[in-house]
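Q: What follows is entry.pdb; its format and atoms are PDB, C-alpha atoms.
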MODEL        1
ATOM      1  CA  MET R   1     -22.467  20.819 -25.707  1.00  0.00           C
ATOM      2  CA  SER R   2     -21.584  18.242 -28.335  1.00  0.00           C
ATOM      3  CA  SER R   3     -19.705  15.137 -27.355  1.00  0.00           C
ATOM      4  CA  PRO R   4     -16.137  14.907 -28.707  1.00  0.00           C
ATOM      5  CA  VAL R   5     -15.352  11.960 -30.955  1.00  0.00           C
ATOM      6  CA  LYS R   6     -12.810   9.619 -29.410  1.00  0.00           C
ATOM      7  CA  THR R   7     -11.104   6.469 -30.615  1.00  0.00           C
ATOM      8  CA  THR R   8      -8.153   4.308 -29.692  1.00  0.00           C
ATOM      9  CA  HIS R   9      -5.772   3.178 -32.427  1.00  0.00           C
ATOM     10  CA  THR R  10      -3.282   0.337 -32.145  1.00  0.00           C
ATOM     11  CA  GLN R  11      -0.502   0.287 -34.715  1.00  0.00           C
ATOM     12  CA  THR R  12       2.102  -2.478 -34.941  1.00  0.00           C
ATOM     13  CA  THR R  13       5.354  -1.514 -36.625  1.00  0.00           C
ATOM     14  CA  VAL R  14       8.194  -3.841 -37.626  1.00  0.00           C
ATOM     15  CA  LYS R  15      11.353  -2.095 -36.484  1.00  0.00           C
ATOM     16  CA  LYS R  16      13.974  -4.466 -37.871  1.00  0.00           C
ATOM     17  CA  THR R  17      14.398  -7.962 -39.152  1.00  0.00           C
ATOM     18  CA  LEU R  18      17.665  -9.775 -38.485  1.00  0.00           C
ATOM     19  CA  MET R  19      18.672 -12.834 -40.503  1.00  0.00           C
ATOM     20  CA  HIS R  20      21.586 -15.065 -39.560  1.00  0.00           C
ATOM     21  CA  SER R  21      22.557 -17.770 -41.960  1.00  0.00           C
ATOM     22  CA  ASP R  22      24.787 -20.608 -40.876  1.00  0.00           C
ATOM     23  CA  PRO R  23      25.324 -23.822 -42.848  1.00  0.00           C
ATOM     24  CA  SER R  24      23.716 -25.816 -40.036  1.00  0.00           C
ATOM     25  CA  GLU R  25      20.752 -23.503 -39.370  1.00  0.00           C
ATOM     26  CA  THR R  26      19.012 -20.336 -40.460  1.00  0.00           C
ATOM     27  CA  THR R  27      17.416 -18.056 -37.870  1.00  0.00           C
ATOM     28  CA  LYS R  28      15.200 -15.032 -38.308  1.00  0.00           C
ATOM     29  CA  LYS R  29      14.313 -12.562 -35.575  1.00  0.00           C
ATOM     30  CA  THR R  30      11.732  -9.811 -35.981  1.00  0.00           C
ATOM     31  CA  VAL R  31      11.385  -7.059 -33.395  1.00  0.00           C
ATOM     32  CA  THR R  32       7.996  -5.346 -33.291  1.00  0.00           C
ATOM     33  CA  THR R  33       6.578  -2.495 -31.274  1.00  0.00           C
ATOM     34  CA  THR R  34       3.000  -1.550 -30.569  1.00  0.00           C
ATOM     35  CA  ASN R  35       2.030   2.100 -30.596  1.00  0.00           C
ATOM     36  CA  LYS R  36      -1.277   2.908 -28.868  1.00  0.00           C
ATOM     37  CA  THR R  37      -2.714   6.354 -29.414  1.00  0.00           C
ATOM     38  CA  TYR R  38      -5.803   8.122 -28.145  1.00  0.00           C
ATOM     39  CA  VAL R  39      -7.381  10.334 -30.803  1.00  0.00           C
ATOM     40  CA  PHE R  40     -10.189  12.746 -30.107  1.00  0.00           C
ATOM     41  CA  THR R  41     -11.733  15.828 -31.655  1.00  0.00           C
ATOM     42  CA  SER R  42     -11.989  18.834 -29.362  1.00  0.00           C
ATOM     43  CA  GLU R  43     -15.068  21.046 -29.214  1.00  0.00           C
ATOM     44  CA  THR R  44     -13.287  23.510 -31.534  1.00  0.00           C
ATOM     45  CA  GLY R  45     -12.919  20.762 -34.154  1.00  0.00           C
ATOM     46  CA  GLU R  46      -9.183  20.221 -33.656  1.00  0.00           C
ATOM     47  CA  GLU R  47      -8.028  16.592 -33.841  1.00  0.00           C
ATOM     48  CA  ILE R  48      -5.740  15.738 -30.919  1.00  0.00           C
ATOM     49  CA  VAL R  49      -3.542  12.617 -30.907  1.00  0.00           C
ATOM     50  CA  LEU R  50      -1.949  11.385 -27.665  1.00  0.00           C
ATOM     51  CA  ASP R  51       0.598   8.567 -27.396  1.00  0.00           C
ATOM     52  CA  LEU R  52      -0.656   6.448 -24.475  1.00  0.00           C
ATOM     53  CA  LYS R  53       2.901   5.293 -23.667  1.00  0.00           C
ATOM     54  CA  ASN R  54       4.399   8.805 -23.433  1.00  0.00           C
ATOM     55  CA  ALA R  55       4.047  10.077 -19.855  1.00  0.00           C
ATOM     56  CA  THR R  56       5.190  13.615 -20.672  1.00  0.00           C
ATOM     57  CA  THR R  57       2.495  14.327 -23.259  1.00  0.00           C
ATOM     58  CA  THR R  58      -0.344  12.125 -22.012  1.00  0.00           C
ATOM     59  CA  ARG R  59      -1.867  13.447 -18.804  1.00  0.00           C
ATOM     60  CA  PRO R  60      -5.225  13.209 -17.062  1.00  0.00           C
ATOM     61  CA  HIS R  61      -7.618  15.944 -18.143  1.00  0.00           C
ATOM     62  CA  ALA R  62     -11.307  16.780 -18.242  1.00  0.00           C
ATOM     63  CA  ARG R  63     -12.593  16.134 -21.727  1.00  0.00           C
ATOM     64  CA  LYS R  64     -16.179  17.231 -21.117  1.00  0.00           C
ATOM     65  CA  VAL R  65     -17.301  19.568 -18.315  1.00  0.00           C
ATOM     66  CA  ASN R  66     -20.849  20.101 -17.069  1.00  0.00           C
ATOM     67  CA  GLY R  67     -20.177  23.638 -15.806  1.00  0.00           C
ATOM     68  CA  SER R  68     -17.203  26.013 -15.642  1.00  0.00           C
ATOM     69  CA  VAL R  69     -13.623  24.909 -14.903  1.00  0.00           C
ATOM     70  CA  VAL R  70     -12.194  26.349 -11.664  1.00  0.00           C
ATOM     71  CA  THR R  71      -8.985  24.300 -11.264  1.00  0.00           C
ATOM     72  CA  SER R  72      -7.328  21.581 -13.309  1.00  0.00           C
ATOM     73  CA  GLU R  73      -3.880  20.515 -12.157  1.00  0.00           C
ATOM     74  CA  PHE R  74      -1.797  17.360 -12.429  1.00  0.00           C
ATOM     75  CA  THR R  75       1.255  16.716 -10.257  1.00  0.00           C
ATOM     76  CA  GLN R  76       3.357  14.148 -12.083  1.00  0.00           C
ATOM     77  CA  SER R  77       5.702  13.378  -9.167  1.00  0.00           C
ATOM     78  CA  SER R  78       2.825  12.113  -7.007  1.00  0.00           C
ATOM     79  CA  SER R  79       0.463  11.163  -9.873  1.00  0.00           C
ATOM     80  CA  THR R  80      -2.339  13.299  -8.443  1.00  0.00           C
ATOM     81  CA  PHE R  81      -4.955  15.017 -10.618  1.00  0.00           C
ATOM     82  CA  VAL R  82      -7.220  17.627  -8.992  1.00  0.00           C
ATOM     83  CA  PHE R  83     -10.185  18.945 -10.961  1.00  0.00           C
ATOM     84  CA  GLU R  84     -12.658  21.523  -9.653  1.00  0.00           C
ATOM     85  CA  TYR R  85     -15.610  22.983 -11.508  1.00  0.00           C
ATOM     86  CA  SER R  86     -18.705  24.988 -10.656  1.00  0.00           C
ATOM     87  CA  SER R  87     -22.220  24.268 -11.871  1.00  0.00           C
ATOM     88  CA  GLU R  88     -25.610  25.923 -11.917  1.00  0.00           C
ATOM     89  CA  GLY R  89     -27.480  22.855 -10.673  1.00  0.00           C
ATOM     90  CA  ALA R  90     -28.359  19.528 -12.244  1.00  0.00           C
ATOM     91  CA  GLY R  91     -27.007  18.849 -15.706  1.00  0.00           C
ATOM     92  CA  ALA R  92     -28.032  16.503 -18.457  1.00  0.00           C
ATOM     93  CA  GLU R  93     -24.620  14.924 -18.996  1.00  0.00           C
ATOM     94  CA  PRO R  94     -21.816  14.015 -16.574  1.00  0.00           C
ATOM     95  CA  THR R  95     -18.354  15.567 -16.483  1.00  0.00           C
ATOM     96  CA  GLU R  96     -15.816  13.231 -18.129  1.00  0.00           C
ATOM     97  CA  ILE R  97     -12.172  12.879 -17.059  1.00  0.00           C
ATOM     98  CA  PHE R  98      -9.556  11.081 -19.176  1.00  0.00           C
ATOM     99  CA  VAL R  99      -7.169   8.941 -17.047  1.00  0.00           C
ATOM    100  CA  PRO R 100      -4.229   7.269 -18.879  1.00  0.00           C
ATOM    101  CA  TYR R 101      -2.784   4.126 -17.283  1.00  0.00           C
ATOM    102  CA  ILE R 102       0.822   5.315 -17.833  1.00  0.00           C
ATOM    103  CA  HIS R 103       0.616   7.506 -14.701  1.00  0.00           C
ATOM    104  CA  PHE R 104      -1.234   4.937 -12.563  1.00  0.00           C
ATOM    105  CA  PRO R 105       0.465   1.549 -13.131  1.00  0.00           C
ATOM    106  CA  GLY R 106      -0.648   0.185  -9.745  1.00  0.00           C
ATOM    107  CA  GLY R 107      -4.165   1.581 -10.025  1.00  0.00           C
ATOM    108  CA  TYR R 108      -5.791   4.738  -8.729  1.00  0.00           C
ATOM    109  CA  ARG R 109      -8.423   6.016  -6.307  1.00  0.00           C
ATOM    110  CA  VAL R 110     -11.140   8.536  -7.192  1.00  0.00           C
ATOM    111  CA  THR R 111     -12.569  10.877  -4.558  1.00  0.00           C
ATOM    112  CA  ALA R 112     -15.471  13.214  -5.321  1.00  0.00           C
ATOM    113  CA  SER R 113     -16.823  16.019  -3.141  1.00  0.00           C
ATOM    114  CA  ASP R 114     -20.391  15.095  -4.037  1.00  0.00           C
ATOM    115  CA  GLY R 115     -22.451  13.005  -6.422  1.00  0.00           C
ATOM    116  CA  HIS R 116     -21.077   9.739  -7.759  1.00  0.00           C
ATOM    117  CA  CYS R 117     -18.518   8.494 -10.277  1.00  0.00           C
ATOM    118  CA  THR R 118     -18.546   5.659 -12.768  1.00  0.00           C
ATOM    119  CA  ILE R 119     -15.490   4.365 -14.619  1.00  0.00           C
ATOM    120  CA  GLU R 120     -15.554   3.399 -18.279  1.00  0.00           C
ATOM    121  CA  LYS R 121     -12.634   1.057 -19.113  1.00  0.00           C
ATOM    122  CA  HIS R 122     -10.729   1.280 -22.416  1.00  0.00           C
ATOM    123  CA  GLU R 123      -7.445  -0.079 -23.768  1.00  0.00           C
ATOM    124  CA  GLY R 124      -4.709   2.050 -22.168  1.00  0.00           C
ATOM    125  CA  TYR R 125      -6.985   4.526 -20.383  1.00  0.00           C
ATOM    126  CA  ASP R 126     -10.191   5.023 -18.409  1.00  0.00           C
ATOM    127  CA  VAL R 127     -12.889   7.672 -18.562  1.00  0.00           C
ATOM    128  CA  ILE R 128     -14.297   8.739 -15.199  1.00  0.00           C
ATOM    129  CA  LYS R 129     -17.840  10.100 -15.420  1.00  0.00           C
ATOM    130  CA  HIS R 130     -18.838  12.350 -12.519  1.00  0.00           C
ATOM    131  CA  ASP R 131     -22.542  13.038 -11.938  1.00  0.00           C
ATOM    132  CA  HIS R 132     -22.639  15.860  -9.397  1.00  0.00           C
ATOM    133  CA  ASP R 133     -25.506  16.591  -7.028  1.00  0.00           C
ATOM    134  CA  ASN R 134     -28.325  19.017  -7.920  1.00  0.00           C
ATOM    135  CA  HIS R 135     -26.990  21.994  -5.947  1.00  0.00           C
ATOM    136  CA  ALA R 136     -25.251  24.925  -7.620  1.00  0.00           C
ATOM    137  CA  HIS R 137     -21.760  25.045  -6.144  1.00  0.00           C
ATOM    138  CA  LYS R 138     -18.145  23.991  -6.684  1.00  0.00           C
ATOM    139  CA  HIS R 139     -17.429  20.292  -7.246  1.00  0.00           C
ATOM    140  CA  ARG R 140     -14.067  18.571  -6.755  1.00  0.00           C
ATOM    141  CA  VAL R 141     -12.787  15.284  -8.209  1.00  0.00           C
ATOM    142  CA  VAL R 142      -9.359  13.947  -7.176  1.00  0.00           C
ATOM    143  CA  VAL R 143      -7.614  11.054  -8.933  1.00  0.00           C
ATOM    144  CA  GLU R 144      -4.533   9.734  -7.138  1.00  0.00           C
ATOM    145  CA  LYS R 145      -2.452   6.612  -7.458  1.00  0.00           C
ATOM    146  CA  THR R 146      -2.963   3.905  -4.893  1.00  0.00           C
ATOM    147  CA  LYS R 147      -0.105   3.401  -2.527  1.00  0.00           C
ATOM    148  CA  LYS R 148       1.689   0.097  -2.907  1.00  0.00           C
ATOM    149  CA  VAL R 149       1.484  -2.130   0.128  1.00  0.00           C
ATOM    150  CA  VAL R 150       4.847  -3.750   0.680  1.00  0.00           C
ATOM    151  CA  LYS R 151       4.327  -7.267   1.947  1.00  0.00           C
ATOM    152  CA  SER R 152       7.087  -9.302   3.471  1.00  0.00           C
ATOM    153  CA  SER R 153       6.900 -13.057   3.478  1.00  0.00           C
ATOM    154  CA  TRP R 154       7.785 -12.933   7.189  1.00  0.00           C
ATOM    155  CA  GLY R 155       5.132 -10.367   8.064  1.00  0.00           C
ATOM    156  CA  HIS R 156       6.227  -7.813  10.666  1.00  0.00           C
ATOM    157  CA  SER R 157       9.960  -8.141  11.256  1.00  0.00           C
ATOM    158  CA  ASN R 158      11.437  -8.342  14.773  1.00  0.00           C
ATOM    159  CA  ILE R 159      15.017  -8.625  13.513  1.00  0.00           C
ATOM    160  CA  PRO R 160      16.113  -5.232  14.984  1.00  0.00           C
ATOM    161  CA  VAL R 161      14.852  -6.331  18.411  1.00  0.00           C
ATOM    162  CA  TYR R 162      16.769  -9.620  18.199  1.00  0.00           C
ATOM    163  CA  VAL R 163      19.978  -7.846  17.124  1.00  0.00           C
ATOM    164  CA  ALA R 164      19.731  -5.357  20.027  1.00  0.00           C
ATOM    165  CA  LEU R 165      19.033  -8.187  22.481  1.00  0.00           C
ATOM    166  CA  GLY R 166      22.038 -10.152  21.176  1.00  0.00           C
ATOM    167  CA  ILE R 167      24.326  -7.135  21.558  1.00  0.00           C
ATOM    168  CA  ALA R 168      23.067  -6.537  25.109  1.00  0.00           C
ATOM    169  CA  ILE R 169      23.779 -10.155  26.073  1.00  0.00           C
ATOM    170  CA  VAL R 170      27.241 -10.361  24.447  1.00  0.00           C
ATOM    171  CA  THR R 171      28.598  -6.939  25.556  1.00  0.00           C
ATOM    172  CA  PRO R 172      29.319  -7.910  29.234  1.00  0.00           C
ATOM    173  CA  TYR R 173      31.425 -10.872  28.072  1.00  0.00           C
ATOM    174  CA  LEU R 174      33.519  -8.692  25.730  1.00  0.00           C
ATOM    175  CA  THR R 175      34.655  -6.326  28.532  1.00  0.00           C
ATOM    176  CA  TRP R 176      36.720  -8.952  30.445  1.00  0.00           C
TER     177      TRP R 176
ENDMDL
END
As a first step, turn the structure in this file into structure tokens.

A:
Amino acid sequence: MSSPVKTTHTQTTVKKTLMHSDPSETTKKTVTTTNKTYVFTSETGEEIVLDLKNATTTRPHARKVNGSVVTSEFTQSSSTFVFEYSSEGAGAEPTEIFVPYIHFPGGYRVTASDGHCTIEKHEGYDVIKHDHDNHAHKHRVVVEKTKKVVKSSWGHSNIPVYVALGIAIVTPYLTW
């Protein structure tokens, strides 16, 4: 299986230039945008271009599989990618999974049924490489966003307890 060619392009485009001329001063404002794309050539020779900032078209996917695909599904609402494949034993090259940052802004966790994973960092995306064990069976890799831990500057809050205690103390005095 030949390895697909992959590159990341960054293109800066000037959207508009605004000039304001006043006798006392002249100001110029230029608004620019950066467009990052992921370009790769599929095994069939088709060139595929993905906009790394577009969440609807850029999704996690397996770009190279060491075996046969069983399941490949991405749930956008929970940012969970489940990939299952079967193999006939040890392979020469690992399975590669494309993971764009747009779906995992707070990071992600990778869980594999067997073997081990390494992560190759790129600008705007990662490539997870899964080396499965030597047994012929089904392998499963799950990529899911990490849950944000909400930290309060006060730590654990006892405010509801204090409010209930205050109401219990004041209520007898209000019935007179």

Q: For the atom pair atom CA of R:Lys64 and atom CA of R:Lys147, what is the interatomic distance in Å to one decimal place?

A: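 If I compute the distance from atom CA of R:Lys64 to atom CA of R:Lys147, I get 28.2 Å.
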
Q: Evaluating the PyMOL selection byres ((chain R and resi 38) around 6) on the displayed file yields which residues, as a list in words?

A: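 Evaluating the PyMOL selection byres ((chain R and resi 38) around 6) on this file yields Thr8, Thr37, Val39, Val49 and Leu50 of chain R.
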
Q: Those same residues - C-alpha atoms - I'd like them written as a PDB file, in the frame of the given file.

A:
ATOM      1  CA  THR R   8      -8.153   4.308 -29.692  1.00  0.00           C
ATOM      2  CA  THR R  37      -2.714   6.354 -29.414  1.00  0.00           C
ATOM      3  CA  VAL R  39      -7.381  10.334 -30.803  1.00  0.00           C
ATOM      4  CA  VAL R  49      -3.542  12.617 -30.907  1.00  0.00           C
ATOM      5  CA  LEU R  50      -1.949  11.385 -27.665  1.00  0.00           C
TER       6      LEU R  50
END

Q: Name all residues at most 10 Å from stretch 82-98 of chain R (count only C-alpha atoms; drop same-chain ones fewer than 3 positions away) and give them as an NGL selection string.

A: :R and (1 or 3 or 58-75 or 101 or 111-113 or 116-120 or 125-144)

Q: Counting all atoms listed in the file, what is within 12 Å of R:Pro105, bar same-chain residues fewer than 2 positions away, as number ranges by chain?

A: R: 53, 55, 79, 99-103, 107-108, 124-125, 144-148

Q: I'd like to know which of R:Thr57, R:Thr80, R:Ser157, R:Ser42 is closest to R:Arg109, using only C-alpha atoms.

A: R:Thr80

Q: Rounded to one decimal, what separation in Å do you get between atom CA of R:Phe104 and atom CA of R:Phe81?

A: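 Distance between the two atoms: 10.9 Å.
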
Q: Tell me, in Å to one decimal, how far atom CA of R:Leu52 is from atom CA of R:His122.

A: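 Computing it gives 11.5 Å between the two atoms.
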
Q: Here is a test: counting all atoms listed in the file, which residue of R:Pro160, R:Val110, R:Ser77, R:Leu165 is nearest to R:Thr56?

A: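 The closest residue to R:Thr56 is R:Ser77.
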
Q: Set up a box along x, y and z of the file covering all listed atoms of stretch 96-114 of chain R, add 5 Å on every one of the six sides, and write the centre and edge lengths in Å to one decimal, as lines of an AutoDock Vina configuration file.

A:
center_x = -9.8
center_y = 8.1
center_z = -11.2
size_x = 31.2
size_y = 25.8
size_z = 26.0

Q: Generate N, CA and C atoms for stretch 125-141 of chain R and emit them as a PDB file, keeping the file's coordinate frame.

A:
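Written output follows (out.pdb):
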ATOM      1  N   TYR R 125      -6.472   3.382 -21.135  1.00  0.00           N
ATOM      2  CA  TYR R 125      -6.985   4.526 -20.383  1.00  0.00           C
ATOM      3  C   TYR R 125      -8.391   4.237 -19.862  1.00  0.00           C
ATOM      4  N   ASP R 126      -8.821   5.061 -18.925  1.00  0.00           N
ATOM      5  CA  ASP R 126     -10.191   5.023 -18.409  1.00  0.00           C
ATOM      6  C   ASP R 126     -10.825   6.388 -18.601  1.00  0.00           C
ATOM      7  N   VAL R 127     -12.146   6.415 -18.578  1.00  0.00           N
ATOM      8  CA  VAL R 127     -12.889   7.672 -18.562  1.00  0.00           C
ATOM      9  C   VAL R 127     -13.752   7.651 -17.307  1.00  0.00           C
ATOM     10  N   ILE R 128     -13.502   8.613 -16.420  1.00  0.00           N
ATOM     11  CA  ILE R 128     -14.297   8.739 -15.199  1.00  0.00           C
ATOM     12  C   ILE R 128     -15.443   9.690 -15.498  1.00  0.00           C
ATOM     13  N   LYS R 129     -16.662   9.252 -15.217  1.00  0.00           N
ATOM     14  CA  LYS R 129     -17.840  10.100 -15.420  1.00  0.00           C
ATOM     15  C   LYS R 129     -18.369  10.507 -14.052  1.00  0.00           C
ATOM     16  N   HIS R 130     -18.391  11.821 -13.808  1.00  0.00           N
ATOM     17  CA  HIS R 130     -18.838  12.350 -12.519  1.00  0.00           C
ATOM     18  C   HIS R 130     -20.200  13.017 -12.678  1.00  0.00           C
ATOM     19  N   ASP R 131     -21.208  12.436 -12.017  1.00  0.00           N
ATOM     20  CA  ASP R 131     -22.542  13.038 -11.938  1.00  0.00           C
ATOM     21  C   ASP R 131     -22.620  13.761 -10.610  1.00  0.00           C
ATOM     22  N   HIS R 132     -22.612  15.095 -10.647  1.00  0.00           N
ATOM     23  CA  HIS R 132     -22.639  15.860  -9.397  1.00  0.00           C
ATOM     24  C   HIS R 132     -24.060  15.963  -8.860  1.00  0.00           C
ATOM     25  N   ASP R 133     -24.180  16.439  -7.620  1.00  0.00           N
ATOM     26  CA  ASP R 133     -25.506  16.591  -7.028  1.00  0.00           C
ATOM     27  C   ASP R 133     -26.241  17.761  -7.694  1.00  0.00           C
ATOM     28  N   ASN R 134     -27.477  18.014  -7.269  1.00  0.00           N
ATOM     29  CA  ASN R 134     -28.325  19.017  -7.920  1.00  0.00           C
ATOM     30  C   ASN R 134     -28.100  20.439  -7.441  1.00  0.00           C
ATOM     31  N   HIS R 135     -27.219  20.657  -6.484  1.00  0.00           N
ATOM     32  CA  HIS R 135     -26.990  21.994  -5.947  1.00  0.00           C
ATOM     33  C   HIS R 135     -25.987  22.756  -6.801  1.00  0.00           C
ATOM     34  N   ALA R 136     -26.174  24.065  -6.878  1.00  0.00           N
ATOM     35  CA  ALA R 136     -25.251  24.925  -7.620  1.00  0.00           C
ATOM     36  C   ALA R 136     -24.097  25.308  -6.700  1.00  0.00           C
ATOM     37  N   HIS R 137     -22.953  24.723  -6.925  1.00  0.00           N
ATOM     38  CA  HIS R 137     -21.760  25.045  -6.144  1.00  0.00           C
ATOM     39  C   HIS R 137     -20.534  24.458  -6.822  1.00  0.00           C
ATOM     40  N   LYS R 138     -19.395  24.519  -6.141  1.00  0.00           N
ATOM     41  CA  LYS R 138     -18.145  23.991  -6.684  1.00  0.00           C
ATOM     42  C   LYS R 138     -18.034  22.497  -6.375  1.00  0.00           C
ATOM     43  N   HIS R 139     -17.612  21.738  -7.375  1.00  0.00           N
ATOM     44  CA  HIS R 139     -17.429  20.292  -7.246  1.00  0.00           C
ATOM     45  C   HIS R 139     -15.944  19.978  -7.403  1.00  0.00           C
ATOM     46  N   ARG R 140     -15.491  18.933  -6.727  1.00  0.00           N
ATOM     47  CA  ARG R 140     -14.067  18.571  -6.755  1.00  0.00           C
ATOM     48  C   ARG R 140     -13.937  17.067  -6.975  1.00  0.00           C
ATOM     49  N   VAL R 141     -13.091  16.688  -7.940  1.00  0.00           N
ATOM     50  CA  VAL R 141     -12.787  15.284  -8.209  1.00  0.00           C
ATOM     51  C   VAL R 141     -11.267  15.135  -8.147  1.00  0.00           C
TER      52      VAL R 141
END
